[in-house]
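J.: Structure: work_22.cif, mmCIF, C-alpha atoms.
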```
data_data
loop_
_atom_site.label_atom_id
_atom_site.label_comp_id
_atom_site.auth_asym_id
_atom_site.auth_seq_id
_atom_site.Cartn_x
_atom_site.Cartn_y
_atom_site.Cartn_z
CA MET A 1 -10.66 9.12 -2.11
CA THR A 2 -12.43 9.30 1.23
CA LEU A 3 -10.56 6.38 2.78
CA LEU A 4 -7.16 8.07 2.56
CA GLU A 5 -6.09 10.43 5.32
CA LYS A 6 -3.11 12.71 4.81
CA GLN A 7 -1.20 11.31 7.78
CA ASN A 8 -1.27 7.88 6.10
CA VAL A 9 0.91 9.02 3.19
CA ARG A 10 4.67 8.67 3.46
CA ILE A 11 7.79 8.72 1.33
CA LEU A 12 10.71 6.64 2.53
CA ASP A 13 14.14 6.03 1.04
CA GLU A 14 14.17 2.26 1.16
CA ALA A 15 13.24 -0.94 2.93
CA GLU A 16 15.53 -3.79 3.88
CA ASP A 17 13.32 -6.23 1.93
CA TRP A 18 9.70 -6.69 0.82
CA LYS A 19 8.63 -7.86 4.27
CA ALA A 20 10.05 -4.72 5.86
CA ALA A 21 8.34 -2.64 3.14
CA ILE A 22 4.98 -4.16 4.05
CA ARG A 23 5.58 -3.59 7.76
CA LEU A 24 6.56 0.04 7.14
CA SER A 25 3.60 0.59 4.81
CA VAL A 26 1.07 -0.77 7.30
CA MET A 27 2.55 1.22 10.20
CA PRO A 28 0.37 4.36 9.80
CA LEU A 29 -2.78 2.23 9.91
CA GLU A 30 -1.57 0.35 12.96
CA GLU A 31 -0.49 3.53 14.77
CA GLN A 32 -3.94 5.05 14.33
CA GLY A 33 -5.91 1.96 15.29
CA TYR A 34 -7.29 1.00 11.87
CA VAL A 35 -5.66 -2.43 11.99
CA GLU A 36 -4.39 -4.80 14.64
CA SER A 37 -0.64 -5.34 14.87
CA ARG A 38 -1.05 -8.80 13.31
CA TYR A 39 -2.41 -7.35 10.05
CA LYS A 40 1.04 -6.76 8.54
CA GLU A 41 2.12 -10.31 9.39
CA GLU A 42 -1.07 -11.70 7.87
CA ILE A 43 -0.29 -9.87 4.61
CA ILE A 44 3.26 -11.24 4.66
CA SER A 45 1.97 -14.78 5.28
CA ASN A 46 -0.41 -14.45 2.34
CA VAL A 47 2.42 -13.33 0.03
CA VAL A 48 4.67 -16.17 1.25
CA ALA A 49 1.86 -18.65 0.51
CA MET A 50 0.68 -17.21 -2.83
CA GLY A 51 3.65 -15.30 -4.21
CA PRO A 52 3.76 -11.56 -4.95
CA TYR A 53 0.11 -11.35 -6.08
CA ILE A 54 -0.08 -7.91 -4.47
CA VAL A 55 2.03 -6.40 -7.29
CA LEU A 56 -0.68 -5.14 -9.64
CA ALA A 57 1.36 -3.12 -12.11
CA PRO A 58 5.01 -2.22 -12.67
CA TYR A 59 6.29 -0.68 -9.43
CA VAL A 60 2.86 -0.80 -7.75
CA ALA A 61 1.80 -3.12 -4.92
CA LEU A 62 -1.54 -3.32 -3.14
CA PRO A 63 -0.83 -5.09 0.17
CA HIS A 64 -4.02 -6.30 1.80
CA ALA A 65 -5.53 -9.16 3.74
CA ARG A 66 -9.04 -10.30 4.56
CA PRO A 67 -11.11 -8.27 7.04
CA GLU A 68 -10.90 -11.02 9.67
CA GLN A 69 -7.09 -10.95 9.47
CA GLY A 70 -6.85 -7.87 11.66
CA VAL A 71 -8.84 -4.98 10.19
CA ILE A 72 -10.61 -2.78 12.73
CA LYS A 73 -11.84 0.01 10.44
CA SER A 74 -11.49 0.58 6.69
CA GLN A 75 -8.65 2.86 5.63
CA ILE A 76 -5.83 3.18 3.10
CA ALA A 77 -2.16 4.04 3.52
CA VAL A 78 0.21 5.02 0.70
CA THR A 79 3.97 4.62 0.99
CA LEU A 80 6.39 5.46 -1.79
CA PHE A 81 9.90 4.04 -1.55
CA LYS A 82 12.53 5.95 -3.51
CA ASN A 83 14.38 2.69 -4.16
CA GLU A 84 12.81 -0.43 -5.63
CA VAL A 85 11.76 -3.17 -3.25
CA PHE A 86 12.32 -6.64 -4.71
CA PHE A 87 10.29 -9.71 -3.85
CA GLU A 88 11.75 -13.21 -3.36
CA ASN A 89 12.05 -14.07 -7.04
CA LYS A 90 13.91 -10.80 -7.79
CA SER A 91 11.89 -10.45 -11.01
CA THR A 92 9.04 -8.67 -9.23
CA SER A 93 9.46 -5.31 -7.55
CA ALA A 94 7.50 -2.31 -6.35
CA LYS A 95 8.08 1.23 -5.15
CA LEU A 96 4.53 2.35 -4.43
CA PHE A 97 2.74 0.38 -1.70
CA ILE A 98 -0.98 1.16 -1.39
CA VAL A 99 -2.14 -0.69 1.72
CA LEU A 100 -5.83 -1.48 1.78
CA ALA A 101 -7.53 -2.31 5.06
CA ALA A 102 -11.14 -3.27 4.42
CA ALA A 103 -13.39 -3.92 7.41
CA ASP A 104 -15.90 -5.79 5.25
CA ASN A 105 -16.33 -6.99 1.69
CA ASN A 106 -18.03 -3.82 0.37
CA SER A 107 -16.90 -0.60 2.07
CA HIS A 108 -13.63 -0.42 0.14
CA LEU A 109 -15.06 -0.84 -3.36
CA ASP A 110 -15.21 2.89 -4.13
CA ALA A 111 -11.57 3.23 -3.07
CA LEU A 112 -10.61 0.31 -5.33
CA VAL A 113 -12.35 1.98 -8.26
CA SER A 114 -10.42 5.20 -7.58
CA ILE A 115 -7.12 3.33 -7.27
CA THR A 116 -7.81 1.46 -10.51
CA GLU A 117 -8.55 4.70 -12.35
CA ILE A 118 -5.29 6.21 -11.12
CA LEU A 119 -3.25 3.13 -12.04
CA GLN A 120 -4.70 3.01 -15.56
CA ASP A 121 -3.13 6.40 -16.31
CA GLU A 122 0.52 5.50 -16.98
CA ALA A 123 1.58 9.15 -17.10
CA LYS A 124 0.04 9.79 -13.69
CA VAL A 125 1.70 6.68 -12.24
CA GLY A 126 5.02 7.96 -13.60
CA GLU A 127 4.45 11.29 -11.83
CA ILE A 128 3.43 9.54 -8.60
CA LEU A 129 6.62 7.47 -8.62
CA LYS A 130 8.65 10.71 -8.85
CA ALA A 131 6.81 12.52 -6.02
CA GLU A 132 9.25 14.34 -3.76
CA ASP A 133 7.05 14.90 -0.72
CA ALA A 134 4.06 13.35 1.03
CA GLU A 135 1.82 16.36 0.34
CA THR A 136 2.29 15.97 -3.42
CA LEU A 137 1.81 12.23 -3.18
CA TYR A 138 -1.41 12.71 -1.19
CA HIS A 139 -2.84 15.06 -3.83
CA TYR A 140 -2.39 12.47 -6.60
CA PHE A 141 -4.86 10.27 -4.73
CA ASN A 142 -7.43 12.99 -3.94
#
```
Just give me the structure of the file as structure tokens.
T.:
Amino acid sequence: MTLLEKQNVRILDEAEDWKAAIRLSVMPLEEQGYVESRYKEEIISNVVAMGPYIVLAPYVALPHARPEQGVIKSQIAVTLFKNEVFFENKSTSAKLFIVLAAADNNSHLDALVSITEILQDEAKVGEILKAEDAETLYHYFN
């Protein structure tokens, strides 16, 4: 996956809540200038307005917002939380946050195909959720 750089992969113990999880997950992209600081808040606003639509599969969330909501350059960040992060309704949760920053409507499509292929393999997702270090986690996506 060409849009994922090793320094954008992290494993953290936990987040205070789903909003904190999104902020922490976007942080590598913000630190490296791929997104504006408002990008994380735009994602949060979208989830508040539409519900936890970013949760695509059990334990897997794909936080993202539109290009005009603060994306500077396309990139992906992957953050695995060791403890589940629950959304407002408490019936939806995630541990793996794959943040997608797409600078336009097309450049991220190959990455989405790769992510979809990974997520369709339940055994691989199970292994990803048990990753002990960022290096191992990175290799699951490349």
J.: Residues within 10 Å of Val60 of chain A, please, as a PDB file with C-alpha atoms, in the coordinates of the input. Count all atoms listed in the file; anything in the same chain fewer than 4 positions from it doesn't count.
T.:
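File written: out_0.pdb
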```
ATOM      1  CA  ILE A  54      -0.080  -7.910  -4.470  1.00  0.00           C
ATOM      2  CA  VAL A  55       2.030  -6.400  -7.290  1.00  0.00           C
ATOM      3  CA  LEU A  56      -0.680  -5.140  -9.640  1.00  0.00           C
ATOM      4  CA  LEU A  80       6.390   5.460  -1.790  1.00  0.00           C
ATOM      5  CA  SER A  93       9.460  -5.310  -7.550  1.00  0.00           C
ATOM      6  CA  ALA A  94       7.500  -2.310  -6.350  1.00  0.00           C
ATOM      7  CA  LYS A  95       8.080   1.230  -5.150  1.00  0.00           C
ATOM      8  CA  LEU A  96       4.530   2.350  -4.430  1.00  0.00           C
ATOM      9  CA  PHE A  97       2.740   0.380  -1.700  1.00  0.00           C
ATOM     10  CA  ILE A  98      -0.980   1.160  -1.390  1.00  0.00           C
ATOM     11  CA  LEU A 119      -3.250   3.130 -12.040  1.00  0.00           C
ATOM     12  CA  VAL A 125       1.700   6.680 -12.240  1.00  0.00           C
ATOM     13  CA  LEU A 129       6.620   7.470  -8.620  1.00  0.00           C
TER      14      LEU A 129
END
```
J.: Excluding same-chain residues fewer than 4 positions from Met27 of chain A, what lies within 12 Å of it counting all atoms listed in the file, as a PyMOL selection string?
T.: chain A and resi 7-10+20-23+31-41+76-79+97+99+101
J.: Measuring atom to atom with only C-alpha atoms, identify which of A:Ile43, A:Tyr59, A:Glu16, A:Met50 is nearest to Glu122 of chain A.
T.: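 Of the candidates, the smallest distance to Glu122 of chain A is held by A:Tyr59.
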J.: Please write the residues picked by the PyMOL selection byres ((chain A and resi 73) around 6) on this file as a ChimeraX atom specification.
T.: /A:34,71-72,74,103
J.: Please dump the current selection as a short mmCIF file (atom, residue, chain, number, x, y, z; two decimals), in the frame of the given file; keep C-alpha atoms.
T.:
```cif
data_model
loop_
_atom_site.label_atom_id
_atom_site.label_comp_id
_atom_site.auth_asym_id
_atom_site.auth_seq_id
_atom_site.Cartn_x
_atom_site.Cartn_y
_atom_site.Cartn_z
CA TYR A 34 -7.29 1.00 11.87
CA VAL A 71 -8.84 -4.98 10.19
CA ILE A 72 -10.61 -2.78 12.73
CA SER A 74 -11.49 0.58 6.69
CA ALA A 103 -13.39 -3.92 7.41
#
```
J.: Considering only C-alpha atoms, state which residue in the set A:Gln75, A:Leu109, A:Asp17, A:Leu62 is at the smallest distance from Lys90 of chain A.
T.: A:Asp17
J.: Considering only C-alpha atoms, state which residue in the set A:Ala49, A:Asp104, A:Val113, A:Phe81 is at the smallest distance from Pro67 of chain A.
T.: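 Under the stated criterion, the closest residue is A:Asp104.
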J.: Spell out the residues picked by the PyMOL selection byres ((chain A and resi 133-137) around 7) here, as a list in words.
T.: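 On the file shown, the PyMOL selection byres ((chain A and resi 133-137) around 7) covers Val9, Arg10, Ile11, Ile128, Ala131, Glu132, Tyr138, His139 and Tyr140 of chain A.
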J.: Give me, as a PyMOL selection string, all polymer residues having an atom no more than 10 Å from Gly51 of chain A, counting all atoms listed in the file and skipping those fewer than 4 positions away in the same chain.
T.: chain A and resi 44-47+55+87-89+92
J.: If you measure from atom CA of Pro58 of chain A to atom CA of Ser91 of chain A, what distance in Å do you get, rounded to one decimal?
T.: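 So the answer is 10.9 Å.
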J.: Using atom CA of Glu5 of chain A and atom CA of Lys19 of chain A as the two end points, give the distance in Å to one decimal.
T.: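 Distance between the two atoms: 23.5 Å.
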J.: Report the centre and edge lengths, in Å to one decimal, of an axis-aligned box enclosing every atom of segment 55-58 of chain A listed in the file, padded by 6 Å on each side, as JSON.
T.:
```
{"center_x": 2.2, "center_y": -4.3, "center_z": -10.0, "size_x": 17.7, "size_y": 16.2, "size_z": 17.4}
```
J.: Of the residues A:Leu29, A:Leu24, A:Ile115, A:Ala102, which is the one nearest to Glu68 of chain A, using all atoms listed in the file?
T.: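 Smallest distance to Glu68 of chain A is found for A:Ala102.
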J.: If I take atom CA of Val26 of chain A and atom CA of Gly126 of chain A, how far is one from the other in Å, to one decimal?
T.: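 So the answer is 23.0 Å.
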J.: Closest to Pro63 of chain A among A:Gln120, A:Asn142, A:Ser25, A:Asn106, using only C-alpha atoms?
T.: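 The closest residue to Pro63 of chain A is A:Ser25.
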